[in-house]
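Visitor: Just one file: run-v5.pdb, with PDB, C-alpha atoms and all ligand atoms.
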ATOM      1  CA  MET A 335       6.046 -21.013  27.167  1.00  0.00           C
ATOM      2  CA  PRO A 336       4.745 -22.349  23.844  1.00  0.00           C
ATOM      3  CA  VAL A 337       7.048 -21.602  20.946  1.00  0.00           C
ATOM      4  CA  TYR A 338       5.892 -21.653  17.327  1.00  0.00           C
ATOM      5  CA  ARG A 339       7.251 -20.955  13.844  1.00  0.00           C
ATOM      6  CA  ASP A 340       5.566 -19.334  10.876  1.00  0.00           C
ATOM      7  CA  GLU A 341       6.249 -17.347   7.737  1.00  0.00           C
ATOM      8  CA  ALA A 342       4.920 -13.806   7.762  1.00  0.00           C
ATOM      9  CA  VAL A 343       4.957 -10.482   5.936  1.00  0.00           C
ATOM     10  CA  VAL A 344       5.444  -7.275   7.936  1.00  0.00           C
ATOM     11  CA  LEU A 345       2.458  -4.921   7.594  1.00  0.00           C
ATOM     12  CA  ARG A 346       3.564  -2.149   9.946  1.00  0.00           C
ATOM     13  CA  THR A 347       5.669  -1.394  13.009  1.00  0.00           C
ATOM     14  CA  HIS A 348       5.342   0.849  16.064  1.00  0.00           C
ATOM     15  CA  LYS A 349       7.975   2.031  18.527  1.00  0.00           C
ATOM     16  CA  LEU A 350       7.822   0.487  21.981  1.00  0.00           C
ATOM     17  CA  GLY A 351       9.916   1.910  24.807  1.00  0.00           C
ATOM     18  CA  GLU A 352      13.559   2.790  24.107  1.00  0.00           C
ATOM     19  CA  ALA A 353      14.710   0.024  21.801  1.00  0.00           C
ATOM     20  CA  ASP A 354      11.792  -2.267  20.972  1.00  0.00           C
ATOM     21  CA  ARG A 355       9.117  -2.387  18.298  1.00  0.00           C
ATOM     22  CA  ILE A 356       5.653  -3.842  18.000  1.00  0.00           C
ATOM     23  CA  VAL A 357       5.419  -5.553  14.619  1.00  0.00           C
ATOM     24  CA  THR A 358       2.071  -6.307  12.947  1.00  0.00           C
ATOM     25  CA  LEU A 359       2.378  -9.332  10.670  1.00  0.00           C
ATOM     26  CA  LEU A 360       0.181 -11.301   8.297  1.00  0.00           C
ATOM     27  CA  SER A 361       1.285 -14.906   8.639  1.00  0.00           C
ATOM     28  CA  ARG A 362       0.824 -17.979   6.494  1.00  0.00           C
ATOM     29  CA  ARG A 363      -0.797 -20.184   9.147  1.00  0.00           C
ATOM     30  CA  HIS A 364      -1.624 -18.066  12.219  1.00  0.00           C
ATOM     31  CA  GLY A 365      -3.501 -15.169  10.610  1.00  0.00           C
ATOM     32  CA  LYS A 366      -2.576 -11.738  11.837  1.00  0.00           C
ATOM     33  CA  ILE A 367       0.011 -11.530  14.603  1.00  0.00           C
ATOM     34  CA  ARG A 368       1.075  -8.585  16.739  1.00  0.00           C
ATOM     35  CA  ALA A 369       4.433  -9.321  18.308  1.00  0.00           C
ATOM     36  CA  VAL A 370       7.255  -7.574  20.134  1.00  0.00           C
ATOM     37  CA  ALA A 371      10.729  -7.424  18.573  1.00  0.00           C
ATOM     38  CA  LYS A 372      13.181  -6.622  21.349  1.00  0.00           C
ATOM     39  CA  GLY A 373      16.263  -4.462  20.874  1.00  0.00           C
ATOM     40  CA  VAL A 374      15.626  -3.887  17.165  1.00  0.00           C
ATOM     41  CA  ARG A 375      16.056  -0.099  17.307  1.00  0.00           C
ATOM     42  CA  ARG A 376      19.639  -0.312  18.568  1.00  0.00           C
ATOM     43  CA  THR A 377      22.196   0.634  15.901  1.00  0.00           C
ATOM     44  CA  GLY A 378      23.413  -2.270  13.835  1.00  0.00           C
ATOM     45  CA  SER A 379      20.565  -4.633  14.688  1.00  0.00           C
ATOM     46  CA  LYS A 380      20.326  -7.074  11.756  1.00  0.00           C
ATOM     47  CA  PHE A 381      17.226  -8.488  13.367  1.00  0.00           C
ATOM     48  CA  GLY A 382      15.492  -5.102  12.977  1.00  0.00           C
ATOM     49  CA  ALA A 383      16.221  -4.827   9.245  1.00  0.00           C
ATOM     50  CA  ARG A 384      14.463  -8.169   8.735  1.00  0.00           C
ATOM     51  CA  LEU A 385      11.333  -6.818  10.398  1.00  0.00           C
ATOM     52  CA  GLU A 386      10.757  -3.668   8.346  1.00  0.00           C
ATOM     53  CA  PRO A 387       7.470  -3.219   6.399  1.00  0.00           C
ATOM     54  CA  PHE A 388       7.118  -5.317   3.190  1.00  0.00           C
ATOM     55  CA  MET A 389       9.745  -7.866   4.375  1.00  0.00           C
ATOM     56  CA  VAL A 390       8.833 -11.557   4.392  1.00  0.00           C
ATOM     57  CA  ALA A 391      10.478 -13.628   7.108  1.00  0.00           C
ATOM     58  CA  ASP A 392      10.574 -17.064   8.668  1.00  0.00           C
ATOM     59  CA  LEU A 393       9.934 -16.431  12.353  1.00  0.00           C
ATOM     60  CA  GLN A 394      10.180 -18.181  15.666  1.00  0.00           C
ATOM     61  CA  LEU A 395       7.898 -16.682  18.303  1.00  0.00           C
ATOM     62  CA  TYR A 396       6.794 -17.505  21.805  1.00  0.00           C
ATOM     63  CA  GLU A 397       3.354 -16.775  23.127  1.00  0.00           C
ATOM     64  CA  GLY A 398       3.361 -13.965  25.645  1.00  0.00           C
ATOM     65  CA  ARG A 399       0.568 -12.961  27.969  1.00  0.00           C
ATOM     66  CA  SER A 400      -0.683 -10.102  25.768  1.00  0.00           C
ATOM     67  CA  LEU A 401       1.710  -9.959  22.805  1.00  0.00           C
ATOM     68  CA  ASP A 402       3.862 -12.695  21.315  1.00  0.00           C
ATOM     69  CA  VAL A 403       7.627 -12.162  21.244  1.00  0.00           C
ATOM     70  CA  ILE A 404       9.799 -12.666  18.143  1.00  0.00           C
ATOM     71  CA  GLN A 405      12.849 -14.773  19.012  1.00  0.00           C
ATOM     72  CA  GLN A 406      14.310 -15.368  15.550  1.00  0.00           C
ATOM     73  CA  ALA A 407      13.760 -13.892  12.095  1.00  0.00           C
ATOM     74  CA  GLU A 408      15.294 -15.155   8.841  1.00  0.00           C
ATOM     75  CA  THR A 409      14.599 -13.238   5.645  1.00  0.00           C
ATOM     76  CA  LEU A 410      12.595 -15.064   2.963  1.00  0.00           C
ATOM     77  CA  GLY A 411      11.813 -12.041   0.766  1.00  0.00           C
ATOM     78  CA  ALA A 412      13.907  -8.865   1.088  1.00  0.00           C
ATOM     79  CA  TYR A 413      11.460  -6.627  -0.757  1.00  0.00           C
ATOM     80  CA  GLY A 414      11.673  -3.600   1.556  1.00  0.00           C
ATOM     81  CA  ALA A 415      14.739  -1.858   0.120  1.00  0.00           C
ATOM     82  CA  GLU A 416      13.770  -2.393  -3.531  1.00  0.00           C
ATOM     83  CA  ILE A 417      10.275  -1.060  -2.903  1.00  0.00           C
ATOM     84  CA  ALA A 418      11.410   1.899  -0.773  1.00  0.00           C
ATOM     85  CA  GLY A 419      13.818   2.936  -3.542  1.00  0.00           C
ATOM     86  CA  ASP A 420      10.973   3.879  -5.900  1.00  0.00           C
ATOM     87  CA  TYR A 421       8.309   6.316  -4.734  1.00  0.00           C
ATOM     88  CA  ALA A 422       5.456   4.918  -6.859  1.00  0.00           C
ATOM     89  CA  SER A 423       6.256   1.371  -5.668  1.00  0.00           C
ATOM     90  CA  TYR A 424       6.523   2.554  -2.078  1.00  0.00           C
ATOM     91  CA  THR A 425       3.128   4.279  -2.054  1.00  0.00           C
ATOM     92  CA  ALA A 426       1.532   1.279  -3.814  1.00  0.00           C
ATOM     93  CA  ALA A 427       3.030  -1.113  -1.237  1.00  0.00           C
ATOM     94  CA  ASN A 428       1.744   1.051   1.611  1.00  0.00           C
ATOM     95  CA  ALA A 429      -1.781   0.937   0.186  1.00  0.00           C
ATOM     96  CA  MET A 430      -1.467  -2.866  -0.174  1.00  0.00           C
ATOM     97  CA  VAL A 431      -0.381  -3.541   3.411  1.00  0.00           C
ATOM     98  CA  GLU A 432      -3.037  -1.165   4.769  1.00  0.00           C
ATOM     99  CA  THR A 433      -5.693  -2.975   2.717  1.00  0.00           C
ATOM    100  CA  ALA A 434      -4.391  -6.371   3.864  1.00  0.00           C
ATOM    101  CA  ASP A 435      -4.453  -5.142   7.450  1.00  0.00           C
ATOM    102  CA  ARG A 436      -8.072  -4.000   7.107  1.00  0.00           C
ATOM    103  CA  LEU A 437      -9.344  -7.017   5.160  1.00  0.00           C
ATOM    104  CA  THR A 438      -7.856  -9.462   7.671  1.00  0.00           C
ATOM    105  CA  GLU A 439      -9.138  -7.660  10.770  1.00  0.00           C
ATOM    106  CA  ALA A 440     -11.368 -10.574  11.708  1.00  0.00           C
ATOM    107  CA  GLU A 441      -9.062 -13.347  10.535  1.00  0.00           C
ATOM    108  CA  GLY A 442      -6.195 -13.855   8.136  1.00  0.00           C
ATOM    109  CA  SER A 443      -6.174 -16.445   5.375  1.00  0.00           C
ATOM    110  CA  LEU A 444      -3.577 -18.330   3.393  1.00  0.00           C
ATOM    111  CA  GLN A 445      -4.979 -16.843   0.175  1.00  0.00           C
ATOM    112  CA  GLN A 446      -4.603 -13.264   1.431  1.00  0.00           C
ATOM    113  CA  TYR A 447      -1.063 -14.039   2.601  1.00  0.00           C
ATOM    114  CA  LEU A 448      -0.016 -15.535  -0.745  1.00  0.00           C
ATOM    115  CA  LEU A 449      -1.661 -12.715  -2.726  1.00  0.00           C
ATOM    116  CA  LEU A 450       0.117 -10.013  -0.702  1.00  0.00           C
ATOM    117  CA  VAL A 451       3.536 -11.696  -0.822  1.00  0.00           C
ATOM    118  CA  GLY A 452       3.169 -12.212  -4.591  1.00  0.00           C
ATOM    119  CA  ALA A 453       2.201  -8.562  -5.147  1.00  0.00           C
ATOM    120  CA  LEU A 454       5.084  -7.217  -3.036  1.00  0.00           C
ATOM    121  CA  ARG A 455       7.531  -9.504  -4.842  1.00  0.00           C
ATOM    122  CA  SER A 456       6.196  -8.292  -8.192  1.00  0.00           C
ATOM    123  CA  LEU A 457       6.556  -4.643  -7.098  1.00  0.00           C
ATOM    124  CA  SER A 458      10.126  -5.181  -5.913  1.00  0.00           C
ATOM    125  CA  ARG A 459      11.032  -6.744  -9.271  1.00  0.00           C
ATOM    126  CA  ARG A 460       9.338  -3.927 -11.243  1.00  0.00           C
ATOM    127  CA  GLU A 461       7.378  -6.537 -13.208  1.00  0.00           C
ATOM    128  CA  HIS A 462       4.535  -4.119 -14.006  1.00  0.00           C
ATOM    129  CA  THR A 463       3.663  -0.467 -13.505  1.00  0.00           C
ATOM    130  CA  PRO A 464       3.136  -0.060  -9.738  1.00  0.00           C
ATOM    131  CA  GLY A 465      -0.374   1.346 -10.266  1.00  0.00           C
ATOM    132  CA  LEU A 466      -1.454  -1.746 -12.230  1.00  0.00           C
ATOM    133  CA  THR A 467       0.050  -4.104  -9.645  1.00  0.00           C
ATOM    134  CA  LEU A 468      -1.783  -2.215  -6.909  1.00  0.00           C
ATOM    135  CA  ASP A 469      -5.168  -2.167  -8.650  1.00  0.00           C
ATOM    136  CA  SER A 470      -4.924  -5.867  -9.490  1.00  0.00           C
ATOM    137  CA  TYR A 471      -4.021  -6.613  -5.872  1.00  0.00           C
ATOM    138  CA  LEU A 472      -6.941  -4.540  -4.560  1.00  0.00           C
ATOM    139  CA  LEU A 473      -9.538  -6.235  -6.812  1.00  0.00           C
ATOM    140  CA  ARG A 474      -8.248  -9.689  -5.966  1.00  0.00           C
ATOM    141  CA  SER A 475      -7.926  -9.132  -2.213  1.00  0.00           C
ATOM    142  CA  LEU A 476     -11.510  -7.798  -2.150  1.00  0.00           C
ATOM    143  CA  SER A 477     -12.597 -10.918  -4.053  1.00  0.00           C
ATOM    144  CA  ILE A 478     -10.917 -13.199  -1.509  1.00  0.00           C
ATOM    145  CA  ALA A 479     -12.684 -11.227   1.225  1.00  0.00           C
ATOM    146  CA  GLY A 480     -16.012 -12.136  -0.426  1.00  0.00           C
ATOM    147  CA  TRP A 481     -16.606  -8.958  -2.426  1.00  0.00           C
ATOM    148  CA  ALA A 482     -15.714 -10.074  -5.939  1.00  0.00           C
ATOM    149  CA  PRO A 483     -16.784  -7.309  -8.344  1.00  0.00           C
ATOM    150  CA  SER A 484     -18.630  -8.210 -11.532  1.00  0.00           C
ATOM    151  CA  PHE A 485     -17.462  -6.598 -14.776  1.00  0.00           C
ATOM    152  CA  GLY A 486     -19.578  -8.826 -17.027  1.00  0.00           C
ATOM    153  CA  THR A 487     -23.053  -9.877 -15.852  1.00  0.00           C
ATOM    154  CA  CYS A 488     -25.314  -7.393 -14.058  1.00  0.00           C
ATOM    155  CA  SER A 489     -24.280  -7.475 -10.413  1.00  0.00           C
ATOM    156  CA  ARG A 490     -27.871  -6.927  -9.325  1.00  0.00           C
ATOM    157  CA  CYS A 491     -30.082  -9.191 -11.494  1.00  0.00           C
ATOM    158  CA  GLY A 492     -27.489 -11.400 -13.208  1.00  0.00           C
ATOM    159  CA  LYS A 493     -28.459 -10.418 -16.761  1.00  0.00           C
ATOM    160  CA  PRO A 494     -25.599 -11.382 -19.104  1.00  0.00           C
ATOM    161  CA  GLY A 495     -23.380  -8.491 -20.239  1.00  0.00           C
ATOM    162  CA  PRO A 496     -21.678  -6.598 -21.557  1.00  0.00           C
ATOM    163  CA  HIS A 497     -23.064  -3.651 -19.568  1.00  0.00           C
ATOM    164  CA  ASP A 498     -21.453  -0.244 -19.576  1.00  0.00           C
ATOM    165  CA  ARG A 499     -22.473   1.265 -16.254  1.00  0.00           C
ATOM    166  CA  ILE A 500     -20.783   0.662 -12.903  1.00  0.00           C
ATOM    167  CA  VAL A 501     -22.175   1.212  -9.420  1.00  0.00           C
ATOM    168  CA  PRO A 502     -19.596   0.279  -6.763  1.00  0.00           C
ATOM    169  CA  GLN A 503     -22.333   0.128  -4.114  1.00  0.00           C
ATOM    170  CA  LEU A 504     -24.128  -2.592  -6.127  1.00  0.00           C
ATOM    171  CA  GLY A 505     -20.987  -4.656  -6.715  1.00  0.00           C
ATOM    172  CA  GLY A 506     -19.919  -3.807 -10.259  1.00  0.00           C
ATOM    173  CA  VAL A 507     -21.616  -3.320 -13.624  1.00  0.00           C
ATOM    174  CA  VAL A 508     -25.399  -3.078 -13.818  1.00  0.00           C
ATOM    175  CA  CYS A 509     -27.839  -3.478 -16.712  1.00  0.00           C
ATOM    176  CA  ASP A 510     -29.984  -0.593 -17.981  1.00  0.00           C
ATOM    177  CA  ASP A 511     -32.982  -1.805 -15.932  1.00  0.00           C
ATOM    178  CA  CYS A 512     -31.005  -1.942 -12.663  1.00  0.00           C
ATOM    179  CA  ALA A 513     -28.962   1.241 -13.104  1.00  0.00           C
ATOM    180  CA  PRO A 514     -30.108   4.046 -10.783  1.00  0.00           C
ATOM    181  CA  PRO A 515     -30.981   7.267 -12.640  1.00  0.00           C
ATOM    182  CA  GLY A 516     -27.924   9.301 -13.564  1.00  0.00           C
ATOM    183  CA  THR A 517     -25.446   6.385 -13.470  1.00  0.00           C
ATOM    184  CA  ALA A 518     -22.460   7.315 -15.641  1.00  0.00           C
ATOM    185  CA  HIS A 519     -21.377   5.154 -18.576  1.00  0.00           C
ATOM    186  CA  VAL A 520     -17.942   3.539 -18.610  1.00  0.00           C
ATOM    187  CA  ASP A 521     -16.026   2.930 -21.831  1.00  0.00           C
ATOM    188  CA  ALA A 522     -15.251  -0.604 -23.023  1.00  0.00           C
ATOM    189  CA  ALA A 523     -11.465  -0.164 -22.658  1.00  0.00           C
ATOM    190  CA  THR A 524     -11.779   0.676 -18.949  1.00  0.00           C
ATOM    191  CA  LEU A 525     -14.099  -2.284 -18.351  1.00  0.00           C
ATOM    192  CA  GLY A 526     -11.675  -4.499 -20.255  1.00  0.00           C
ATOM    193  CA  LEU A 527      -8.772  -3.341 -18.099  1.00  0.00           C
ATOM    194  CA  LEU A 528     -10.721  -3.923 -14.873  1.00  0.00           C
ATOM    195  CA  GLY A 529     -11.537  -7.470 -15.992  1.00  0.00           C
ATOM    196  CA  ALA A 530      -7.898  -8.087 -16.952  1.00  0.00           C
ATOM    197  CA  LEU A 531      -6.637  -6.828 -13.572  1.00  0.00           C
ATOM    198  CA  LEU A 532      -9.125  -9.014 -11.745  1.00  0.00           C
ATOM    199  CA  SER A 533      -8.219 -12.150 -13.695  1.00  0.00           C
ATOM    200  CA  GLY A 534      -4.478 -11.445 -13.882  1.00  0.00           C
ATOM    201  CA  ASP A 535      -4.367 -11.108 -17.685  1.00  0.00           C
ATOM    202  CA  TRP A 536      -1.168  -9.036 -17.735  1.00  0.00           C
ATOM    203  CA  SER A 537      -0.679  -8.847 -21.485  1.00  0.00           C
ATOM    204  CA  ALA A 538      -4.108  -7.192 -21.825  1.00  0.00           C
ATOM    205  CA  ALA A 539      -3.490  -4.951 -18.799  1.00  0.00           C
ATOM    206  CA  GLU A 540      -0.078  -3.801 -20.090  1.00  0.00           C
ATOM    207  CA  ALA A 541      -1.636  -2.857 -23.442  1.00  0.00           C
ATOM    208  CA  SER A 542      -3.885  -0.205 -21.815  1.00  0.00           C
ATOM    209  CA  ASP A 543      -3.153   3.514 -22.126  1.00  0.00           C
ATOM    210  CA  ASP A 544      -2.635   5.986 -19.287  1.00  0.00           C
ATOM    211  CA  SER A 545      -6.092   7.566 -19.371  1.00  0.00           C
ATOM    212  CA  THR A 546      -7.757   4.118 -19.279  1.00  0.00           C
ATOM    213  CA  ARG A 547      -5.577   3.154 -16.294  1.00  0.00           C
ATOM    214  CA  SER A 548      -6.516   6.360 -14.555  1.00  0.00           C
ATOM    215  CA  ARG A 549     -10.266   5.744 -15.023  1.00  0.00           C
ATOM    216  CA  ALA A 550      -9.896   2.131 -13.867  1.00  0.00           C
ATOM    217  CA  SER A 551      -7.964   3.269 -10.765  1.00  0.00           C
ATOM    218  CA  GLY A 552     -10.740   5.680  -9.860  1.00  0.00           C
ATOM    219  CA  ILE A 553     -13.314   2.883 -10.078  1.00  0.00           C
ATOM    220  CA  VAL A 554     -11.153   0.480  -8.035  1.00  0.00           C
ATOM    221  CA  ALA A 555     -10.651   3.160  -5.378  1.00  0.00           C
ATOM    222  CA  ALA A 556     -14.410   3.874  -5.223  1.00  0.00           C
ATOM    223  CA  TYR A 557     -15.178   0.156  -4.971  1.00  0.00           C
ATOM    224  CA  LEU A 558     -12.577  -0.406  -2.252  1.00  0.00           C
ATOM    225  CA  GLN A 559     -13.635   2.596  -0.195  1.00  0.00           C
ATOM    226  CA  TRP A 560     -17.274   1.591  -0.350  1.00  0.00           C
ATOM    227  CA  HIS A 561     -16.460  -1.850   0.996  1.00  0.00           C
ATOM    228  CA  LEU A 562     -14.084  -0.683   3.667  1.00  0.00           C
ATOM    229  CA  GLU A 563     -16.654   1.935   4.736  1.00  0.00           C
ATOM    230  CA  ARG A 564     -14.015   4.482   5.530  1.00  0.00           C
ATOM    231  CA  GLY A 565     -11.237   5.576   3.218  1.00  0.00           C
ATOM    232  CA  LEU A 566      -7.785   4.113   3.209  1.00  0.00           C
ATOM    233  CA  ARG A 567      -5.442   6.902   4.204  1.00  0.00           C
ATOM    234  CA  SER A 568      -2.515   5.616   2.162  1.00  0.00           C
ATOM    235  CA  LEU A 569      -4.565   5.464  -1.051  1.00  0.00           C
ATOM    236  CA  ASN A 570      -4.621   9.268  -1.091  1.00  0.00           C
ATOM    237  CA  HIS A 571      -0.832   9.315  -1.387  1.00  0.00           C
ATOM    238  CA  VAL A 572      -0.510   6.787  -4.174  1.00  0.00           C
ATOM    239  CA  SER A 573       1.676   8.238  -6.889  1.00  0.00           C
ATOM    240  CA  ARG A 574       0.095   7.833 -10.319  1.00  0.00           C
ATOM    241  CA  GLU A 575       1.448   8.839 -13.676  1.00  0.00           C
ATOM    242  CA  VAL A 576      -1.845  10.537 -14.491  1.00  0.00           C
ATOM    243  CA  PRO A 577      -4.132  12.299 -12.001  1.00  0.00           C
ATOM    244  CA  PRO A 578      -7.423  10.411 -11.495  1.00  0.00           C
ATOM    245  CA  ALA A 579     -10.052  11.606 -13.958  1.00  0.00           C
ATOM    246  CA  LEU A 580     -13.093  10.820 -11.800  1.00  0.00           C
TER
HETATM  247 ZN    ZN B   1     -29.780  -5.936 -13.884  1.00  0.00          ZN
END
Taking this structure as input, can you express it in the form of structure tokens?
Ligand SMILES: [Zn+2]

Guide:
Amino acid sequence: MPVYRDEAVVLRTHKLGEADRIVTLLSRRHGKIRAVAKGVRRTGSKFGARLEPFMVADLQLYEGRSLDVIQQAETLGAYGAEIAGDYASYTAANAMVETADRLTEAEGSLQQYLLLVGALRSLSRREHTPGLTLDSYLLRSLSIAGWAPSFGTCSRCGKPGPHDRIVPQLGGVVCDDCAPPGTAHVDAATLGLLGALLSGDWSAAEASDDSTRSRASGIVAAYLQWHLERGLRSLNHVSREVPPAL
């Protein structure tokens, strides 16, 4: 049977039979992979610990008839334990892998793989507040998927900004002419934070206050849910320092 190697991040796992698991992975070169890991639920299986959610591993697999089978797994990024040890990081990571799973339903991409691995690594190292890391990840993964939001020019007619109204359904900010009646205004600080999270300007993002972050999170969530058509379950459990204001 054909054997292949790839690097992959574990998105989720399911029990299979007495001792096995089905592992859903986003890989560097083969897109999304669903594979069987045999014997991993037996006590003391080192193999199993390498195939927990948020772990990045170098894998050897062989192609099965319906599902591929994982033969070897060597850890490349042991982010699982560090992330699971902090509730806000854990809920953020869950929302990330669920988003990655949904956005790569048709096909995976190297960009989505690298973005997710980078975000999980950043979470495990506590580089930024988990909520900021999550919102930046969500905006950028949506952009890679072809839904880049606009926080500058009008997303409908292209009129140069700044504009201070956002309509997630239209793809970002809109000018006064394009704004549907009743569209709420958004303050400049929130728009600035959204732009910083999208471009990865961390010094600007870190300088934001809690209420600005909360408003930005509400907009990111609305934008994401619009594009994914149905809500992400795990986003409802994300632990934030401040309750969403929207
Ligand atoms: Zn316009």

Visitor: With only C-alpha atoms and all ligand atoms as the atoms that count, which of A:Ile500, A:Leu527, A:Ala418, A:Leu558 lies nearest to ligand ZN 1 (chain B)?

Guide: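 The answer is A:Ile500, which sits nearest to ligand ZN 1 (chain B).
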
Visitor: Using the chain letters and residue numbers of this document, give as a VMD selection string the residues selected by the PyMOL selection byres (((chain A and resi 427) around 8) and not hetatm).

Guide: chain A and resid 388 417 423 to 426 428 to 431 454 457 468

Visitor: Save out the residues we just selected, C-alpha atoms, as a PDB file, keeping the file's coordinate frame.

Guide:
ATOM      1  CA  PHE A 388       7.118  -5.317   3.190  1.00  0.00           C
ATOM      2  CA  ILE A 417      10.275  -1.060  -2.903  1.00  0.00           C
ATOM      3  CA  SER A 423       6.256   1.371  -5.668  1.00  0.00           C
ATOM      4  CA  TYR A 424       6.523   2.554  -2.078  1.00  0.00           C
ATOM      5  CA  THR A 425       3.128   4.279  -2.054  1.00  0.00           C
ATOM      6  CA  ALA A 426       1.532   1.279  -3.814  1.00  0.00           C
ATOM      7  CA  ASN A 428       1.744   1.051   1.611  1.00  0.00           C
ATOM      8  CA  ALA A 429      -1.781   0.937   0.186  1.00  0.00           C
ATOM      9  CA  MET A 430      -1.467  -2.866  -0.174  1.00  0.00           C
ATOM     10  CA  VAL A 431      -0.381  -3.541   3.411  1.00  0.00           C
ATOM     11  CA  LEU A 454       5.084  -7.217  -3.036  1.00  0.00           C
ATOM     12  CA  LEU A 457       6.556  -4.643  -7.098  1.00  0.00           C
ATOM     13  CA  LEU A 468      -1.783  -2.215  -6.909  1.00  0.00           C
TER      14      LEU A 468
END

Visitor: In Å, how far is it from atom CA of Ala391 of chain A to atom CA of Arg474 of chain A?

Guide: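 Distance between the two atoms: 23.2 Å.
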
Visitor: Any residue with an atom at most 9 Å from ligand ZN 1 (chain B) counts, using all atoms listed in the file. Which are they? Put them as a list of chain:residue names.

Guide: A:Thr487, A:Cys488, A:Ser489, A:Arg490, A:Cys491, A:Gly492, A:Lys493, A:Pro494, A:Val507, A:Val508, A:Cys509, A:Asp510, A:Asp511, A:Cys512, A:Ala513

Visitor: Using the selection just defined, write its residues with C-alpha atoms as a PDB file, in the coordinates of the input.

Guide:
ATOM      1  CA  THR A 487     -23.053  -9.877 -15.852  1.00  0.00           C
ATOM      2  CA  CYS A 488     -25.314  -7.393 -14.058  1.00  0.00           C
ATOM      3  CA  SER A 489     -24.280  -7.475 -10.413  1.00  0.00           C
ATOM      4  CA  ARG A 490     -27.871  -6.927  -9.325  1.00  0.00           C
ATOM      5  CA  CYS A 491     -30.082  -9.191 -11.494  1.00  0.00           C
ATOM      6  CA  GLY A 492     -27.489 -11.400 -13.208  1.00  0.00           C
ATOM      7  CA  LYS A 493     -28.459 -10.418 -16.761  1.00  0.00           C
ATOM      8  CA  PRO A 494     -25.599 -11.382 -19.104  1.00  0.00           C
ATOM      9  CA  VAL A 507     -21.616  -3.320 -13.624  1.00  0.00           C
ATOM     10  CA  VAL A 508     -25.399  -3.078 -13.818  1.00  0.00           C
ATOM     11  CA  CYS A 509     -27.839  -3.478 -16.712  1.00  0.00           C
ATOM     12  CA  ASP A 510     -29.984  -0.593 -17.981  1.00  0.00           C
ATOM     13  CA  ASP A 511     -32.982  -1.805 -15.932  1.00  0.00           C
ATOM     14  CA  CYS A 512     -31.005  -1.942 -12.663  1.00  0.00           C
ATOM     15  CA  ALA A 513     -28.962   1.241 -13.104  1.00  0.00           C
TER      16      ALA A 513
END

Visitor: Name the closest residue to Leu345 of chain A among the candidates A:Thr438, A:Ser458, A:Ser400, A:Gln406; distances are taken between atoms, counting all atoms listed in the file.

Guide: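 Answer, going by the shortest atom-to-atom distance: A:Thr438.
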
Visitor: On this structure, the PyMOL selection byres (((chain A and resi 524) around 12) and not hetatm) would catch which residues? List them as a ChimeraX atom specification, sorted by chain and number.

Guide: /A:485,498-500,507,519-523,525-531,538-539,541-554

Visitor: Report the distance between atom CA of Arg375 of chain A and atom CA of Asp435 of chain A in Å, rounded to one decimal place.

Guide: 23.3 Å

Visitor: Quick one: everything within 8 Å of Gly505 of chain A, counting only C-alpha atoms, minus sequence neighbours fewer than 5 positions away in the same chain. Send it as a PDB file with C-alpha atoms, in the frame of the given file.

Guide:
ATOM      1  CA  TRP A 481     -16.606  -8.958  -2.426  1.00  0.00           C
ATOM      2  CA  ALA A 482     -15.714 -10.074  -5.939  1.00  0.00           C
ATOM      3  CA  PRO A 483     -16.784  -7.309  -8.344  1.00  0.00           C
ATOM      4  CA  SER A 484     -18.630  -8.210 -11.532  1.00  0.00           C
ATOM      5  CA  SER A 489     -24.280  -7.475 -10.413  1.00  0.00           C
ATOM      6  CA  ARG A 490     -27.871  -6.927  -9.325  1.00  0.00           C
ATOM      7  CA  TYR A 557     -15.178   0.156  -4.971  1.00  0.00           C
TER       8      TYR A 557
END

Visitor: Ranking A:Arg399, A:Arg436, A:Arg455, A:Arg363 by minimum distance to Tyr413 of chain A and counting all atoms listed in the file, which one comes first?

Guide: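 Selected residue with least distance to Tyr413 of chain A: A:Arg455.
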